[in-house]
>>> print(open('coords_4.txt').read())   # compact mmCIF, N, CA and C atoms and all ligand atoms
# COMPACT_ATOMS: atom_id res chain seq x y z
N MET A 1 0.84 -1.19 0.00
CA MET A 1 0.00 0.00 0.00
C MET A 1 0.88 1.24 0.00
N GLY A 2 0.52 2.20 -0.83
CA GLY A 2 1.32 3.41 -0.95
C GLY A 2 1.09 4.37 0.20
N GLN A 3 1.95 5.32 0.25
CA GLN A 3 1.87 6.36 1.28
C GLN A 3 0.64 7.25 1.07
N ILE A 4 0.04 7.68 2.15
CA ILE A 4 -1.06 8.65 2.08
C ILE A 4 -0.63 9.89 2.84
N TRP A 5 -0.72 11.03 2.19
CA TRP A 5 -0.32 12.31 2.79
C TRP A 5 -1.56 13.15 3.07
N GLN A 6 -1.42 14.10 3.97
CA GLN A 6 -2.52 15.02 4.28
C GLN A 6 -2.29 16.34 3.54
N VAL A 7 -3.35 16.87 2.97
CA VAL A 7 -3.30 18.17 2.29
C VAL A 7 -4.16 19.14 3.10
N ARG A 8 -3.54 20.19 3.56
CA ARG A 8 -4.26 21.18 4.39
C ARG A 8 -4.69 22.37 3.54
N VAL A 9 -5.91 22.85 3.83
CA VAL A 9 -6.44 24.04 3.15
C VAL A 9 -6.80 25.03 4.26
N PRO A 10 -5.85 25.81 4.77
CA PRO A 10 -6.10 26.66 5.94
C PRO A 10 -7.26 27.63 5.77
N GLU A 11 -7.43 28.18 4.57
CA GLU A 11 -8.49 29.17 4.39
C GLU A 11 -9.87 28.56 4.56
N LEU A 12 -9.98 27.24 4.42
CA LEU A 12 -11.26 26.56 4.62
C LEU A 12 -11.30 25.84 5.96
N GLY A 13 -10.17 25.78 6.66
CA GLY A 13 -10.11 25.05 7.91
C GLY A 13 -10.32 23.56 7.71
N LYS A 14 -9.88 23.04 6.56
CA LYS A 14 -10.10 21.63 6.24
C LYS A 14 -8.80 21.00 5.76
N ASP A 15 -8.79 19.69 5.81
CA ASP A 15 -7.72 18.95 5.17
C ASP A 15 -8.30 17.66 4.61
N PHE A 16 -7.54 17.03 3.72
CA PHE A 16 -8.02 15.80 3.10
C PHE A 16 -6.82 14.91 2.77
N PRO A 17 -7.05 13.59 2.69
CA PRO A 17 -5.95 12.68 2.38
C PRO A 17 -5.71 12.59 0.88
N CYS A 18 -4.45 12.39 0.51
CA CYS A 18 -4.10 12.22 -0.90
C CYS A 18 -3.06 11.11 -1.00
N LYS A 19 -3.33 10.12 -1.84
CA LYS A 19 -2.37 9.03 -2.04
C LYS A 19 -1.20 9.54 -2.86
N GLU A 20 -0.06 8.90 -2.67
CA GLU A 20 1.14 9.36 -3.37
C GLU A 20 1.05 9.17 -4.88
N ASP A 21 0.15 8.27 -5.33
CA ASP A 21 0.06 8.00 -6.76
C ASP A 21 -1.19 8.60 -7.40
N GLU A 22 -1.81 9.57 -6.74
CA GLU A 22 -2.94 10.28 -7.35
C GLU A 22 -2.65 11.77 -7.33
N SER A 23 -3.36 12.48 -8.20
CA SER A 23 -3.16 13.94 -8.23
C SER A 23 -3.84 14.57 -7.02
N VAL A 24 -3.30 15.70 -6.59
CA VAL A 24 -3.92 16.44 -5.49
C VAL A 24 -5.34 16.86 -5.91
N PHE A 25 -5.51 17.18 -7.17
CA PHE A 25 -6.83 17.56 -7.70
C PHE A 25 -7.83 16.42 -7.51
N ALA A 26 -7.45 15.20 -7.90
CA ALA A 26 -8.36 14.05 -7.78
C ALA A 26 -8.75 13.81 -6.32
N ALA A 27 -7.79 13.96 -5.42
CA ALA A 27 -8.09 13.76 -4.00
C ALA A 27 -9.03 14.84 -3.48
N MET A 28 -8.84 16.06 -3.97
CA MET A 28 -9.68 17.17 -3.54
C MET A 28 -11.12 16.96 -4.01
N ILE A 29 -11.28 16.51 -5.24
CA ILE A 29 -12.62 16.25 -5.76
C ILE A 29 -13.26 15.09 -4.97
N ARG A 30 -12.50 14.04 -4.72
CA ARG A 30 -13.03 12.89 -3.99
C ARG A 30 -13.48 13.30 -2.59
N ALA A 31 -12.71 14.17 -1.96
CA ALA A 31 -13.02 14.60 -0.60
C ALA A 31 -14.10 15.69 -0.57
N ARG A 32 -14.48 16.16 -1.76
CA ARG A 32 -15.46 17.26 -1.87
C ARG A 32 -15.03 18.45 -1.02
N THR A 33 -13.75 18.74 -1.10
CA THR A 33 -13.19 19.88 -0.36
C THR A 33 -12.71 20.90 -1.37
N GLY A 34 -13.35 22.09 -1.38
CA GLY A 34 -12.98 23.14 -2.30
C GLY A 34 -11.56 23.58 -2.10
N PRO A 35 -11.12 24.65 -2.74
CA PRO A 35 -11.92 25.52 -3.60
C PRO A 35 -12.05 25.07 -5.04
N VAL A 36 -11.36 24.02 -5.46
CA VAL A 36 -11.52 23.56 -6.85
C VAL A 36 -12.76 22.69 -6.94
N THR A 37 -13.68 23.03 -7.82
CA THR A 37 -14.91 22.26 -7.93
C THR A 37 -15.09 21.65 -9.31
N TYR A 38 -14.32 22.06 -10.29
CA TYR A 38 -14.45 21.46 -11.63
C TYR A 38 -13.17 21.72 -12.39
N GLY A 39 -13.05 21.08 -13.52
CA GLY A 39 -11.88 21.28 -14.36
C GLY A 39 -11.67 20.11 -15.28
N CYS A 40 -10.65 20.22 -16.11
CA CYS A 40 -10.39 19.20 -17.14
C CYS A 40 -9.65 17.99 -16.58
N ALA A 41 -8.96 18.17 -15.45
CA ALA A 41 -8.15 17.13 -14.83
C ALA A 41 -6.99 16.69 -15.71
N GLY A 42 -6.68 17.48 -16.73
CA GLY A 42 -5.62 17.09 -17.65
C GLY A 42 -4.58 18.15 -17.92
N GLY A 43 -4.57 19.23 -17.16
CA GLY A 43 -3.56 20.26 -17.36
C GLY A 43 -3.90 21.28 -18.42
N GLY A 44 -5.15 21.27 -18.92
CA GLY A 44 -5.48 22.14 -20.03
C GLY A 44 -6.25 23.41 -19.72
N CYS A 45 -7.01 23.42 -18.63
CA CYS A 45 -7.93 24.55 -18.42
C CYS A 45 -7.42 25.57 -17.41
N GLY A 46 -6.55 25.18 -16.52
CA GLY A 46 -6.02 26.11 -15.53
C GLY A 46 -6.90 26.30 -14.31
N ALA A 47 -8.04 25.61 -14.24
CA ALA A 47 -8.97 25.80 -13.13
C ALA A 47 -8.38 25.41 -11.78
N CYS A 48 -7.41 24.51 -11.80
CA CYS A 48 -6.85 24.00 -10.53
C CYS A 48 -5.55 24.70 -10.15
N ARG A 49 -5.28 25.85 -10.73
CA ARG A 49 -4.05 26.60 -10.45
C ARG A 49 -4.08 27.11 -9.01
N MET A 50 -3.18 26.62 -8.20
CA MET A 50 -3.12 27.02 -6.79
C MET A 50 -1.67 27.07 -6.34
N ARG A 51 -1.49 27.58 -5.11
CA ARG A 51 -0.15 27.67 -4.53
C ARG A 51 0.04 26.56 -3.51
N ILE A 52 1.14 25.83 -3.62
CA ILE A 52 1.55 24.91 -2.57
C ILE A 52 2.54 25.67 -1.71
N SER A 53 2.09 26.06 -0.53
CA SER A 53 2.92 26.94 0.31
C SER A 53 3.89 26.16 1.19
N SER A 54 3.63 24.87 1.40
CA SER A 54 4.61 24.06 2.12
C SER A 54 4.46 22.61 1.72
N GLY A 55 5.56 21.88 1.78
CA GLY A 55 5.54 20.46 1.47
C GLY A 55 6.25 20.14 0.16
N GLU A 56 6.45 18.85 -0.05
CA GLU A 56 7.14 18.37 -1.24
C GLU A 56 6.13 17.79 -2.22
N TRP A 57 6.34 18.04 -3.49
CA TRP A 57 5.45 17.52 -4.51
C TRP A 57 6.28 17.20 -5.75
N GLU A 58 5.61 16.45 -6.67
CA GLU A 58 6.27 16.09 -7.92
C GLU A 58 5.26 16.23 -9.05
N ALA A 59 5.69 16.84 -10.15
CA ALA A 59 4.82 16.95 -11.33
C ALA A 59 4.90 15.64 -12.12
N PHE A 60 3.77 14.97 -12.31
CA PHE A 60 3.77 13.74 -13.11
C PHE A 60 3.22 13.99 -14.51
N LYS A 61 2.75 15.23 -14.77
CA LYS A 61 2.35 15.68 -16.10
C LYS A 61 2.98 17.03 -16.32
N ASN A 62 3.19 17.38 -17.57
CA ASN A 62 3.71 18.70 -17.87
C ASN A 62 2.66 19.76 -17.56
N MET A 63 3.08 20.81 -16.87
CA MET A 63 2.18 21.93 -16.60
C MET A 63 2.38 22.97 -17.69
N SER A 64 1.33 23.27 -18.40
CA SER A 64 1.40 24.23 -19.51
C SER A 64 1.92 25.59 -19.03
N VAL A 65 2.87 26.15 -19.79
CA VAL A 65 3.38 27.48 -19.43
C VAL A 65 2.31 28.54 -19.64
N ALA A 66 1.24 28.19 -20.36
CA ALA A 66 0.12 29.13 -20.51
C ALA A 66 -0.56 29.36 -19.16
N HIS A 67 -0.44 28.38 -18.26
CA HIS A 67 -1.09 28.49 -16.95
C HIS A 67 -0.11 28.64 -15.80
N VAL A 68 1.09 28.08 -15.97
CA VAL A 68 2.10 28.13 -14.90
C VAL A 68 3.45 28.47 -15.51
N THR A 69 3.94 29.66 -15.24
CA THR A 69 5.25 30.07 -15.75
C THR A 69 6.35 29.53 -14.83
N GLU A 70 7.58 29.67 -15.30
CA GLU A 70 8.70 29.24 -14.46
C GLU A 70 8.74 30.04 -13.16
N ASP A 71 8.48 31.35 -13.26
CA ASP A 71 8.44 32.18 -12.05
C ASP A 71 7.33 31.72 -11.11
N ASP A 72 6.17 31.33 -11.67
CA ASP A 72 5.08 30.80 -10.84
C ASP A 72 5.56 29.57 -10.06
N ARG A 73 6.21 28.67 -10.77
CA ARG A 73 6.68 27.42 -10.12
C ARG A 73 7.60 27.72 -8.95
N LYS A 74 8.46 28.73 -9.15
CA LYS A 74 9.39 29.09 -8.06
C LYS A 74 8.64 29.58 -6.83
N GLU A 75 7.44 30.11 -7.05
CA GLU A 75 6.62 30.60 -5.93
C GLU A 75 5.65 29.53 -5.43
N GLY A 76 5.78 28.32 -5.95
CA GLY A 76 4.93 27.22 -5.49
C GLY A 76 3.60 27.12 -6.20
N ILE A 77 3.42 27.90 -7.26
CA ILE A 77 2.16 27.85 -7.99
C ILE A 77 2.19 26.70 -8.99
N VAL A 78 1.17 25.85 -8.92
CA VAL A 78 1.12 24.64 -9.74
C VAL A 78 -0.31 24.42 -10.25
N LEU A 79 -0.44 23.43 -11.14
CA LEU A 79 -1.76 22.91 -11.49
C LEU A 79 -1.95 21.64 -10.66
N LEU A 80 -2.93 21.63 -9.80
CA LEU A 80 -3.09 20.51 -8.87
C LEU A 80 -3.38 19.18 -9.57
N CYS A 81 -3.89 19.23 -10.80
CA CYS A 81 -4.16 17.97 -11.51
C CYS A 81 -2.89 17.37 -12.10
N CYS A 82 -1.79 18.08 -12.00
CA CYS A 82 -0.53 17.61 -12.59
C CYS A 82 0.50 17.24 -11.54
N VAL A 83 0.15 17.34 -10.26
CA VAL A 83 1.14 17.08 -9.21
C VAL A 83 0.62 16.04 -8.23
N GLN A 84 1.59 15.30 -7.68
CA GLN A 84 1.31 14.31 -6.64
C GLN A 84 2.11 14.68 -5.40
N PRO A 85 1.59 14.35 -4.23
CA PRO A 85 2.29 14.71 -2.99
C PRO A 85 3.48 13.81 -2.71
N ARG A 86 4.49 14.37 -2.11
CA ARG A 86 5.63 13.60 -1.62
C ARG A 86 5.87 13.88 -0.13
N SER A 87 4.93 14.61 0.46
CA SER A 87 4.90 14.87 1.90
C SER A 87 3.53 15.47 2.18
N ASP A 88 3.23 15.78 3.44
CA ASP A 88 2.04 16.57 3.71
C ASP A 88 2.19 17.92 3.02
N LEU A 89 1.07 18.47 2.55
CA LEU A 89 1.10 19.74 1.81
C LEU A 89 0.17 20.75 2.46
N THR A 90 0.47 22.02 2.24
CA THR A 90 -0.46 23.10 2.56
C THR A 90 -0.69 23.87 1.27
N ILE A 91 -1.98 24.08 0.94
CA ILE A 91 -2.29 24.76 -0.32
C ILE A 91 -3.20 25.96 -0.07
N ALA A 92 -3.16 26.89 -1.03
CA ALA A 92 -3.98 28.11 -0.93
C ALA A 92 -4.31 28.60 -2.32
N ARG A 93 -5.35 29.39 -2.40
CA ARG A 93 -5.69 30.04 -3.66
C ARG A 93 -4.58 30.98 -4.06
N VAL A 94 -4.42 31.17 -5.35
CA VAL A 94 -3.42 32.11 -5.86
C VAL A 94 -4.01 33.50 -5.81
S1 LIG A 101 -8.25 20.85 -13.86
FE1 LIG A 101 -7.78 21.76 -15.79
S2 LIG A 101 -5.68 22.27 -15.61
FE2 LIG A 101 -6.10 21.18 -13.79
>>> encode(input="coords_4.txt", output="structure tokens")
Amino acid sequence: MGQIWQVRVPELGKDFPCKEDESVFAAMIRARTGPVTYGCAGGGCGACRMRISSGEWEAFKNMSVAHVTEDDRKEGIVLLCCVQPRSDLTIARV
């Protein structure tokens, strides 16, 4: 069984579990924990663009530069449907 990490959403006062082999977006939808409520789940629409303010993550899909620039990445801004957790995470709206 793979590792399960916790994803915290301080602005909502909630957190939810995310498996190491699923996207943070998929876990958020499964847990019905906002603020992301819809999207393409494929890196194309930008609806899941958020900031990971703490924790380790890995991109398992390319994040379009149309939605996430290199400078964005340096600030922790990602597409949640393209990243998987590698530790507990804290996320926030951009
Ligand atoms: S849900 Fe569309 S880019 Fe992530």
>>> closest_residue(input="coords_4.txt", among="A:Asp15, A:Met28, A:Asp21, A:Gly39", to="Gly2 in chain A", atoms="only N, CA and C atoms")
A:Asp21
>>> residues_near_ligand(input="coords_4.txt", ligand="ligand LIG 101 (chain A)", cutoff="7 Å", atoms="only N, CA and C atoms and all ligand atoms", output="NGL selection string")
:A and (38-49 or 79-82)
>>> write_last_selection(input="coords_4.txt", atoms="N, CA and C atoms", output="PDB file, keeping the file's coordinate frame")
ATOM      1  N   TYR A  38     -14.320  22.060 -10.290  1.00  0.00           N
ATOM      2  CA  TYR A  38     -14.450  21.460 -11.630  1.00  0.00           C
ATOM      3  C   TYR A  38     -13.170  21.720 -12.390  1.00  0.00           C
ATOM      4  N   GLY A  39     -13.050  21.080 -13.520  1.00  0.00           N
ATOM      5  CA  GLY A  39     -11.880  21.280 -14.360  1.00  0.00           C
ATOM      6  C   GLY A  39     -11.670  20.110 -15.280  1.00  0.00           C
ATOM      7  N   CYS A  40     -10.650  20.220 -16.110  1.00  0.00           N
ATOM      8  CA  CYS A  40     -10.390  19.200 -17.140  1.00  0.00           C
ATOM      9  C   CYS A  40      -9.650  17.990 -16.580  1.00  0.00           C
ATOM     10  N   ALA A  41      -8.960  18.170 -15.450  1.00  0.00           N
ATOM     11  CA  ALA A  41      -8.150  17.130 -14.830  1.00  0.00           C
ATOM     12  C   ALA A  41      -6.990  16.690 -15.710  1.00  0.00           C
ATOM     13  N   GLY A  42      -6.680  17.480 -16.730  1.00  0.00           N
ATOM     14  CA  GLY A  42      -5.620  17.090 -17.650  1.00  0.00           C
ATOM     15  C   GLY A  42      -4.580  18.150 -17.920  1.00  0.00           C
ATOM     16  N   GLY A  43      -4.570  19.230 -17.160  1.00  0.00           N
ATOM     17  CA  GLY A  43      -3.560  20.260 -17.360  1.00  0.00           C
ATOM     18  C   GLY A  43      -3.900  21.280 -18.420  1.00  0.00           C
ATOM     19  N   GLY A  44      -5.150  21.270 -18.920  1.00  0.00           N
ATOM     20  CA  GLY A  44      -5.480  22.140 -20.030  1.00  0.00           C
ATOM     21  C   GLY A  44      -6.250  23.410 -19.720  1.00  0.00           C
ATOM     22  N   CYS A  45      -7.010  23.420 -18.630  1.00  0.00           N
ATOM     23  CA  CYS A  45      -7.930  24.550 -18.420  1.00  0.00           C
ATOM     24  C   CYS A  45      -7.420  25.570 -17.410  1.00  0.00           C
ATOM     25  N   GLY A  46      -6.550  25.180 -16.520  1.00  0.00           N
ATOM     26  CA  GLY A  46      -6.020  26.110 -15.530  1.00  0.00           C
ATOM     27  C   GLY A  46      -6.900  26.300 -14.310  1.00  0.00           C
ATOM     28  N   ALA A  47      -8.040  25.610 -14.240  1.00  0.00           N
ATOM     29  CA  ALA A  47      -8.970  25.800 -13.130  1.00  0.00           C
ATOM     30  C   ALA A  47      -8.380  25.410 -11.780  1.00  0.00           C
ATOM     31  N   CYS A  48      -7.410  24.510 -11.800  1.00  0.00           N
ATOM     32  CA  CYS A  48      -6.850  24.000 -10.530  1.00  0.00           C
ATOM     33  C   CYS A  48      -5.550  24.700 -10.150  1.00  0.00           C
ATOM     34  N   ARG A  49      -5.280  25.850 -10.730  1.00  0.00           N
ATOM     35  CA  ARG A  49      -4.050  26.600 -10.450  1.00  0.00           C
ATOM     36  C   ARG A  49      -4.080  27.110  -9.010  1.00  0.00           C
ATOM     37  N   LEU A  79      -0.440  23.430 -11.140  1.00  0.00           N
ATOM     38  CA  LEU A  79      -1.760  22.910 -11.490  1.00  0.00           C
ATOM     39  C   LEU A  79      -1.950  21.640 -10.660  1.00  0.00           C
ATOM     40  N   LEU A  80      -2.930  21.630  -9.800  1.00  0.00           N
ATOM     41  CA  LEU A  80      -3.090  20.510  -8.870  1.00  0.00           C
ATOM     42  C   LEU A  80      -3.380  19.180  -9.570  1.00  0.00           C
ATOM     43  N   CYS A  81      -3.890  19.230 -10.800  1.00  0.00           N
ATOM     44  CA  CYS A  81      -4.160  17.970 -11.510  1.00  0.00           C
ATOM     45  C   CYS A  81      -2.890  17.370 -12.100  1.00  0.00           C
ATOM     46  N   CYS A  82      -1.790  18.080 -12.000  1.00  0.00           N
ATOM     47  CA  CYS A  82      -0.530  17.610 -12.590  1.00  0.00           C
ATOM     48  C   CYS A  82       0.500  17.240 -11.540  1.00  0.00           C
TER      49      CYS A  82
END
>>> select_by_dssp(input="coords_4.txt", residues="chain A", states="alpha helix (DSSP H)", output="number ranges by chain")
A: 24-31, 70-74
>>> closest_residue(input="coords_4.txt", among="A:Gly34, A:Ile52, A:Ser64, A:Asp71", to="Val94 in chain A", atoms="only N, CA and C atoms")
A:Ile52
>>> closest_residue(input="coords_4.txt", among="A:Ser23, A:Thr69, A:Ser87, A:Gln6", to="Glu56 in chain A", atoms="only N, CA and C atoms")
A:Ser87
>>> atom_distance(input="coords_4.txt", atom1="CA of His67 in chain A", atom2="CA of Gln3 in chain A")
28.8 Å
>>> atom_distance(input="coords_4.txt", atom1="CA of Met63 in chain A", atom2="atom N of Arg51 in chain A")
13.3 Å
>>> closest_residue(input="coords_4.txt", among="A:Ala92, A:Val83, A:Ile29, A:Val65", to="Leu12 in chain A", atoms="only C-alpha atoms")
A:Ala92
